[in-house]
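Structure file structure_9.tsv (TSV, C-alpha atoms) follows.
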```
chain	number	residue	atom	x	y	z
O	516	MET	CA	96.32	99.49	116.24
O	517	SER	CA	100.10	99.23	116.32
O	518	ASP	CA	102.41	101.38	118.44
O	519	GLN	CA	103.28	103.39	115.34
O	520	GLU	CA	99.66	104.30	114.65
O	521	ARG	CA	97.87	107.17	116.32
O	522	LEU	CA	94.11	107.62	116.35
O	523	LEU	CA	93.35	111.28	115.62
O	524	ALA	CA	89.58	111.09	115.31
O	525	GLU	CA	86.73	108.60	115.50
O	526	VAL	CA	83.23	109.75	114.62
O	527	ARG	CA	80.06	107.67	114.51
O	528	ASP	CA	77.13	108.71	112.37
O	529	ALA	CA	74.08	107.12	110.75
O	530	PHE	CA	76.32	105.36	108.21
O	531	GLY	CA	78.87	103.89	110.61
O	532	VAL	CA	82.34	104.90	111.77
O	533	VAL	CA	84.77	107.45	110.34
O	534	ARG	CA	88.36	107.35	111.60
O	535	VAL	CA	91.54	109.28	110.95
O	536	ILE	CA	94.74	107.36	111.69
O	537	GLU	CA	98.22	108.88	111.61
O	538	VAL	CA	101.26	106.78	110.72
O	539	GLY	CA	104.46	108.78	110.41
O	540	ASP	CA	104.04	111.43	107.71
O	541	TYR	CA	100.73	110.00	106.49
O	542	ARG	CA	97.14	110.20	107.63
O	543	PHE	CA	94.52	107.68	106.59
O	544	LEU	CA	90.77	108.08	106.35
O	545	GLU	CA	89.03	104.83	107.32
O	546	PHE	CA	85.42	103.70	107.26
O	547	GLY	CA	83.91	100.85	109.25
O	548	GLU	CA	86.30	98.15	110.45
O	549	GLY	CA	89.51	99.81	109.34
O	550	ILE	CA	88.66	99.99	105.63
O	551	GLU	CA	91.08	102.52	104.16
O	552	GLN	CA	89.44	105.14	101.95
O	553	SER	CA	92.13	107.78	101.45
O	554	CYS	CA	95.77	108.50	102.20
O	555	VAL	CA	97.17	111.98	102.81
O	556	PHE	CA	100.83	112.99	102.90
O	557	THR	CA	100.72	115.64	105.59
O	558	ALA	CA	103.59	117.71	104.16
O	559	ASP	CA	101.68	118.09	100.87
O	560	PRO	CA	97.93	117.30	100.98
O	561	ALA	CA	97.77	117.60	97.18
O	562	TRP	CA	100.22	114.69	96.77
O	563	LEU	CA	98.48	111.70	95.20
O	564	GLU	CA	99.95	108.60	96.80
O	565	TYR	CA	98.02	105.96	94.90
O	566	ASP	CA	97.90	105.16	91.22
O	567	TYR	CA	94.11	105.25	91.06
O	568	THR	CA	94.05	108.89	92.16
O	569	ARG	CA	96.84	109.74	89.72
O	570	ALA	CA	94.86	108.04	86.96
O	571	MET	CA	91.83	110.13	87.91
O	572	LEU	CA	93.98	113.26	87.64
O	573	ILE	CA	94.86	112.11	84.12
O	574	GLY	CA	91.13	112.24	83.46
O	575	GLY	CA	91.25	115.90	84.38
O	576	LEU	CA	94.11	116.44	81.96
O	577	CYS	CA	92.02	115.04	79.09
O	578	HIS	CA	90.43	118.50	78.95
O	579	ALA	CA	92.85	121.12	77.65
O	580	HIS	CA	91.41	124.03	79.67
O	581	PRO	CA	88.88	122.91	82.32
O	582	GLU	CA	87.24	125.74	84.22
O	583	SER	CA	84.69	123.81	86.30
O	584	ALA	CA	84.61	120.45	88.07
O	585	LEU	CA	82.10	118.41	90.06
O	586	PHE	CA	83.25	115.75	92.52
O	587	LEU	CA	80.75	113.10	93.63
O	588	GLY	CA	82.38	111.72	96.74
O	589	LEU	CA	84.95	113.79	98.61
O	590	GLY	CA	86.83	111.39	100.89
O	591	ALA	CA	89.93	113.03	102.32
O	592	GLY	CA	89.82	115.58	99.51
O	593	THR	CA	93.26	114.74	98.08
O	594	LEU	CA	92.08	114.50	94.47
O	595	THR	CA	89.99	117.64	94.86
O	596	ARG	CA	92.99	119.44	96.35
O	597	ALA	CA	95.26	118.25	93.53
O	598	CYS	CA	92.82	119.37	90.85
O	599	LEU	CA	92.48	122.78	92.49
O	600	ASP	CA	96.27	123.11	92.67
O	601	TYR	CA	97.21	121.78	89.24
O	602	LEU	CA	94.29	122.46	86.90
O	603	PRO	CA	93.04	125.92	85.80
O	604	LEU	CA	89.75	125.49	87.64
O	605	GLU	CA	87.62	128.46	88.62
O	606	ASP	CA	84.48	126.78	89.99
O	607	VAL	CA	84.48	123.45	91.86
O	608	GLU	CA	81.64	121.67	93.61
O	609	ALA	CA	81.89	118.54	95.75
O	610	ILE	CA	78.99	116.44	97.00
O	611	GLU	CA	79.73	114.20	99.98
O	612	LEU	CA	77.21	111.95	101.72
O	613	ARG	CA	78.61	112.31	105.24
O	614	ASP	CA	79.10	115.55	107.13
O	615	ALA	CA	81.66	113.81	109.35
O	616	VAL	CA	83.85	113.16	106.30
O	617	VAL	CA	83.70	116.81	105.27
O	618	ARG	CA	84.65	117.91	108.79
O	619	VAL	CA	87.67	115.62	109.21
O	620	ALA	CA	88.85	116.42	105.67
O	621	GLY	CA	88.99	120.10	106.60
O	622	GLU	CA	90.26	119.73	110.16
O	623	LEU	CA	92.74	116.86	109.90
O	624	LEU	CA	93.38	115.93	106.26
O	625	GLY	CA	94.52	119.17	104.68
O	626	LEU	CA	91.49	120.19	102.62
O	627	ALA	CA	92.09	123.90	103.08
O	628	ASP	CA	89.45	126.54	102.48
O	629	ASP	CA	89.42	127.66	98.87
O	630	PRO	CA	87.04	130.30	97.48
O	631	ARG	CA	86.65	128.20	94.33
O	632	LEU	CA	85.35	125.17	96.26
O	633	PHE	CA	81.75	124.66	97.38
O	634	VAL	CA	80.92	121.48	99.32
O	635	ARG	CA	77.40	120.13	99.77
O	636	VAL	CA	76.43	117.31	102.13
O	637	GLY	CA	73.92	114.77	100.88
O	638	ASP	CA	73.23	111.87	98.55
O	639	ALA	CA	74.88	112.38	95.15
O	640	ILE	CA	71.93	110.76	93.37
O	641	GLU	CA	69.52	113.24	94.93
O	642	LEU	CA	71.73	116.33	94.58
O	643	LEU	CA	73.11	115.73	91.09
O	644	PRO	CA	70.12	117.35	89.31
O	645	SER	CA	70.73	120.64	91.15
O	646	ALA	CA	74.48	120.72	90.44
O	647	GLU	CA	75.85	123.04	87.79
O	648	PRO	CA	77.12	121.54	84.52
O	649	ALA	CA	80.88	121.01	84.57
O	650	ASP	CA	83.87	120.47	82.32
O	651	LEU	CA	85.00	117.59	84.54
O	652	LEU	CA	82.89	115.23	86.65
O	653	PHE	CA	84.54	112.73	89.02
O	654	VAL	CA	82.59	109.78	90.44
O	655	ASP	CA	84.20	108.12	93.47
O	656	LEU	CA	81.36	106.91	95.70
O	657	TYR	CA	82.69	104.23	98.05
O	658	THR	CA	81.60	102.89	101.44
O	659	ASP	CA	83.25	100.35	103.74
O	660	ALA	CA	81.53	97.67	101.65
O	661	GLY	CA	82.86	98.85	98.29
O	662	PRO	CA	81.41	100.98	95.48
O	663	ALA	CA	77.98	102.49	96.04
O	664	ALA	CA	75.09	101.21	93.94
O	665	ALA	CA	75.33	104.39	91.85
O	666	HIS	CA	78.45	102.96	90.17
O	667	LEU	CA	76.21	100.43	88.42
O	668	ALA	CA	73.08	102.56	88.02
O	669	TRP	CA	72.40	103.20	84.32
O	670	ASN	CA	70.20	106.28	84.82
O	671	PHE	CA	72.58	107.87	87.31
O	672	LEU	CA	75.68	107.40	85.16
O	673	GLN	CA	73.76	108.67	82.15
O	674	ARG	CA	72.80	111.80	84.07
O	675	CYS	CA	76.44	112.26	85.05
O	676	GLN	CA	77.47	112.28	81.40
O	677	GLU	CA	74.62	114.67	80.58
O	678	LYS	CA	75.94	117.09	83.24
O	679	LEU	CA	79.10	117.64	81.21
O	680	ASN	CA	79.68	120.77	79.22
O	681	PRO	CA	80.59	120.26	75.55
O	682	GLY	CA	84.10	118.84	75.43
O	683	GLY	CA	83.86	117.64	79.03
O	684	TRP	CA	85.02	114.39	80.62
O	685	LEU	CA	83.43	112.00	83.08
O	686	VAL	CA	86.00	110.19	85.27
O	687	ILE	CA	84.81	107.11	87.17
O	688	ASN	CA	86.75	105.12	89.76
O	689	GLN	CA	85.47	101.60	89.13
O	690	TRP	CA	86.40	98.34	90.78
O	691	ALA	CA	87.99	95.69	88.57
O	692	GLY	CA	87.03	92.05	88.44
O	693	GLN	CA	89.41	89.10	88.23
O	694	ASP	CA	89.32	89.48	84.44
O	695	ASP	CA	90.83	93.00	84.79
O	696	LYS	CA	87.65	94.51	83.38
O	697	PRO	CA	85.68	97.16	85.25
O	698	LEU	CA	82.76	96.16	87.42
O	699	GLY	CA	79.65	96.22	85.26
O	700	ALA	CA	81.64	96.19	82.01
O	701	ALA	CA	78.67	95.06	79.90
O	702	LEU	CA	76.47	97.82	81.32
O	703	LEU	CA	79.16	100.44	80.75
O	704	ARG	CA	79.80	99.34	77.18
O	705	GLY	CA	76.11	99.59	76.41
O	706	LEU	CA	75.55	102.90	78.17
O	707	PHE	CA	78.55	104.67	76.66
O	708	HIS	CA	78.48	102.83	73.30
O	709	ARG	CA	82.02	101.54	73.90
O	710	HIS	CA	83.20	105.11	73.42
O	711	TYR	CA	85.45	105.57	76.45
O	712	TRP	CA	88.93	104.69	77.66
O	713	GLU	CA	90.23	102.77	80.65
O	714	ILE	CA	93.29	102.94	82.87
O	715	PRO	CA	93.82	99.77	84.95
O	716	VAL	CA	95.83	100.39	88.11
O	717	LYS	CA	97.67	98.18	90.58
O	718	GLU	CA	95.24	98.83	93.45
O	719	GLY	CA	92.68	96.70	91.61
O	720	ASN	CA	90.65	99.54	90.11
O	721	VAL	CA	89.94	100.63	86.56
O	722	ILE	CA	89.54	104.35	85.91
O	723	LEU	CA	87.08	105.17	83.14
O	724	LEU	CA	87.52	108.26	80.98
O	725	VAL	CA	84.21	109.04	79.28
O	726	PRO	CA	83.80	111.96	76.86
O	727	ALA	CA	80.70	114.10	76.77
O	728	ASP	CA	79.52	112.71	73.41
O	729	LEU	CA	80.33	110.27	70.65
O	730	GLU	CA	81.94	112.92	68.45
O	731	GLN	CA	84.59	113.67	71.05
O	732	THR	CA	87.90	111.82	70.96
O	733	LEU	CA	90.92	111.52	73.21
O	734	ASP	CA	93.81	113.81	72.25
O	735	LEU	CA	96.61	111.45	73.31
O	736	PRO	CA	99.52	113.67	72.16
O	737	GLY	CA	97.98	116.63	73.98
O	738	LEU	CA	97.44	114.51	77.09
O	739	HIS	CA	101.10	113.44	77.08
O	740	GLU	CA	102.21	117.05	76.62
O	741	ARG	CA	100.09	118.37	79.48
O	742	ALA	CA	101.28	115.56	81.77
O	743	GLU	CA	104.95	116.16	80.93
O	744	ARG	CA	104.57	119.87	81.53
O	745	LEU	CA	102.99	119.24	84.92
O	746	ALA	CA	105.45	116.54	86.08
O	747	PRO	CA	108.01	118.88	87.73
O	748	ARG	CA	105.26	120.38	89.89
O	749	LEU	CA	103.69	117.03	90.73
O	750	GLY	CA	106.93	115.31	91.66
O	751	TYR	CA	105.98	112.13	89.78
O	752	ASP	CA	105.54	110.99	86.20
O	753	LEU	CA	102.07	110.21	84.85
O	754	GLY	CA	103.55	108.77	81.65
O	755	PRO	CA	103.41	105.07	82.63
O	756	LEU	CA	99.72	105.36	83.52
O	757	ILE	CA	98.98	107.14	80.24
O	758	ASP	CA	100.83	104.36	78.45
O	759	ALA	CA	98.45	101.89	80.12
O	760	LEU	CA	95.42	103.59	78.56
O	761	ARG	CA	93.26	101.25	76.50
O	762	PRO	CA	89.97	101.54	74.61
O	763	ALA	CA	86.84	100.24	76.33
O	764	SER	CA	87.34	96.52	76.97
```
Could you render the structure from this file as structure tokens?
Amino acid sequence: MSDQERLLAEVRDAFGVVRVIEVGDYRFLEFGEGIEQSCVFTADPAWLEYDYTRAMLIGGLCHAHPESALFLGLGAGTLTRACLDYLPLEDVEAIELRDAVVRVAGELLGLADDPRLFVRVGDAIELLPSAEPADLLFVDLYTDAGPAAAHLAWNFLQRCQEKLNPGGWLVINQWAGQDDKPLGAALLRGLFHRHYWEIPVKEGNVILLVPADLEQTLDLPGLHERAERLAPRLGYDLGPLIDALRPAS
């Protein structure tokens, strides 16, 4: 750790180590041997520092009027916080594997109490069947070794899509290979019948935007309009990421 870094918390649980490191105006959630999971701007915990989180927020904007959301994987809670602040959500559930992550998110990373938010601790695969259907479902299940096996589990991803309300959107943070395609591209194309969209981002991820059914399409003009309307509040422009949207590769 450098002189500019300050260790705020270190917790060991059955899954390894959870750390919170502060560097200037930012706090970082780390797993294992310093593997960064999330970044929080302390002055505004809803600020999305990285393109992959901004691209996931675009997934939320694919729905014109989302009322409910389900987050599988909480991390520092920045994306959850942003969606609560910037989308017209009334009912939000988050499922996080590690109680230690939930605790540091609330105590040190700015995930403030919100009556709309209900957090459950446990395995997303096991708890998904008991979750309520949602307009938006975000999958971001990462460990210090990379994406959890659920990111390539056909039955699990199928159940995620089936949890969507009509008109809903499934948003998946997927690793990208050297070919710039998402991890498990062949599986994803088969599962979702090539009917989804991708946003490649500079962090080496590809965000998948999957509609609830094959009859549902992406309203690109509406997406641009909602993003432009939100830009003054966000403090950044989502337009370049929307321009990078492509059909399933």
Contact residues around range 662-671 of chain O with all atoms listed in the file at 9 Å, ignoring same-chain residues under 3 positions, as a PDB file with C-alpha atoms, in the coordinates of the input:
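The result, stored in part-v4.pdb:
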```
ATOM      1  CA  ALA O 639      74.880 112.380  95.150  1.00  0.00           C
ATOM      2  CA  ILE O 640      71.930 110.760  93.370  1.00  0.00           C
ATOM      3  CA  LEU O 643      73.110 115.730  91.090  1.00  0.00           C
ATOM      4  CA  VAL O 654      82.590 109.780  90.440  1.00  0.00           C
ATOM      5  CA  ASP O 655      84.200 108.120  93.470  1.00  0.00           C
ATOM      6  CA  LEU O 656      81.360 106.910  95.700  1.00  0.00           C
ATOM      7  CA  TYR O 657      82.690 104.230  98.050  1.00  0.00           C
ATOM      8  CA  THR O 658      81.600 102.890 101.440  1.00  0.00           C
ATOM      9  CA  ASP O 659      83.250 100.350 103.740  1.00  0.00           C
ATOM     10  CA  ARG O 674      72.800 111.800  84.070  1.00  0.00           C
ATOM     11  CA  CYS O 675      76.440 112.260  85.050  1.00  0.00           C
ATOM     12  CA  GLN O 676      77.470 112.280  81.400  1.00  0.00           C
ATOM     13  CA  ILE O 687      84.810 107.110  87.170  1.00  0.00           C
ATOM     14  CA  ASN O 688      86.750 105.120  89.760  1.00  0.00           C
ATOM     15  CA  GLN O 689      85.470 101.600  89.130  1.00  0.00           C
ATOM     16  CA  TRP O 690      86.400  98.340  90.780  1.00  0.00           C
ATOM     17  CA  LEU O 698      82.760  96.160  87.420  1.00  0.00           C
ATOM     18  CA  GLY O 699      79.650  96.220  85.260  1.00  0.00           C
ATOM     19  CA  LEU O 702      76.470  97.820  81.320  1.00  0.00           C
ATOM     20  CA  LEU O 703      79.160 100.440  80.750  1.00  0.00           C
ATOM     21  CA  LEU O 706      75.550 102.900  78.170  1.00  0.00           C
TER      22      LEU O 706
END
```
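Nearest residue to Pro603 in chain O among O:Val716, O:Leu623, O:Leu651, O:Met571 is O:Leu651, counting all atoms listed in the file.
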(request) Skip Val617 in chain O itself and residues of its chain fewer than 4 positions away, then list as a ChimeraX atom specification all residues within 8 Å of it, counting only C-alpha atoms. (result) /O:589-591,611,613,621,636
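CA of Glu605 in chain O lies 25.6 Å from CA of Asp566 in chain O.
Closest approach to Val607 in chain O from the set O:Pro648, O:Gly625, O:Gly531, O:Gly574 is made by O:Pro648, with distances taken over only C-alpha atoms.
Across the model, the gap from CA of Leu753 in chain O to CA of Gly737 in chain O is 13.3 Å.
Using only C-alpha atoms for every distance, the candidate list O:Ala627, O:Val532, O:His739, O:Asp752 yields O:Ala627 as the residue closest to Asp600 in chain O.
Using all atoms listed in the file, the nearest neighbour of Leu679 in chain O within the list O:Glu647, O:Glu525, O:Glu551, O:Glu730 is O:Glu647.
Counting only C-alpha atoms and comparing O:Lys678, O:Lys696, O:Arg527, O:Arg748, the residue that lies closest to Asp728 in chain O is O:Lys678.
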(message) Between O:Ser583, O:Thr593, O:Gln693, O:Ser764, which residue has the minimum interatomic distance to Ser553 in chain O, considering all atoms listed in the file?
(response) O:Thr593
(request) For Gly705 in chain O, please output as a list in words all residues within 12 Å (counting all atoms listed in the file; exclusion window: fewer than 4 positions along the same chain). (result) Trp669, Leu672, Gln673, Gly699, Ala700, Ala701, Arg709, His710, Tyr711, Ala763 and Ser764 of chain O
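You will find CA of Gly575 in chain O at 17.6 Å from CA of Ile610 in chain O.
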(request) Please check which residues have atoms at most 12 Å from (88.7, 97.1, 111.3) in the file's coordinates, counting all atoms listed in the file, and write them as number ranges by chain. (result) O: 516, 531-534, 536, 545-551, 659
(message) I'd like the neighbourhood of Tyr541 in chain O as number ranges by chain, where a residue qualifies if any of its atoms comes within 12 Å (using all atoms listed in the file), though same-chain residues fewer than 3 positions away should be ignored.
(response) O: 519-521, 523, 535-538, 544, 553-560, 562-564, 591, 623-625
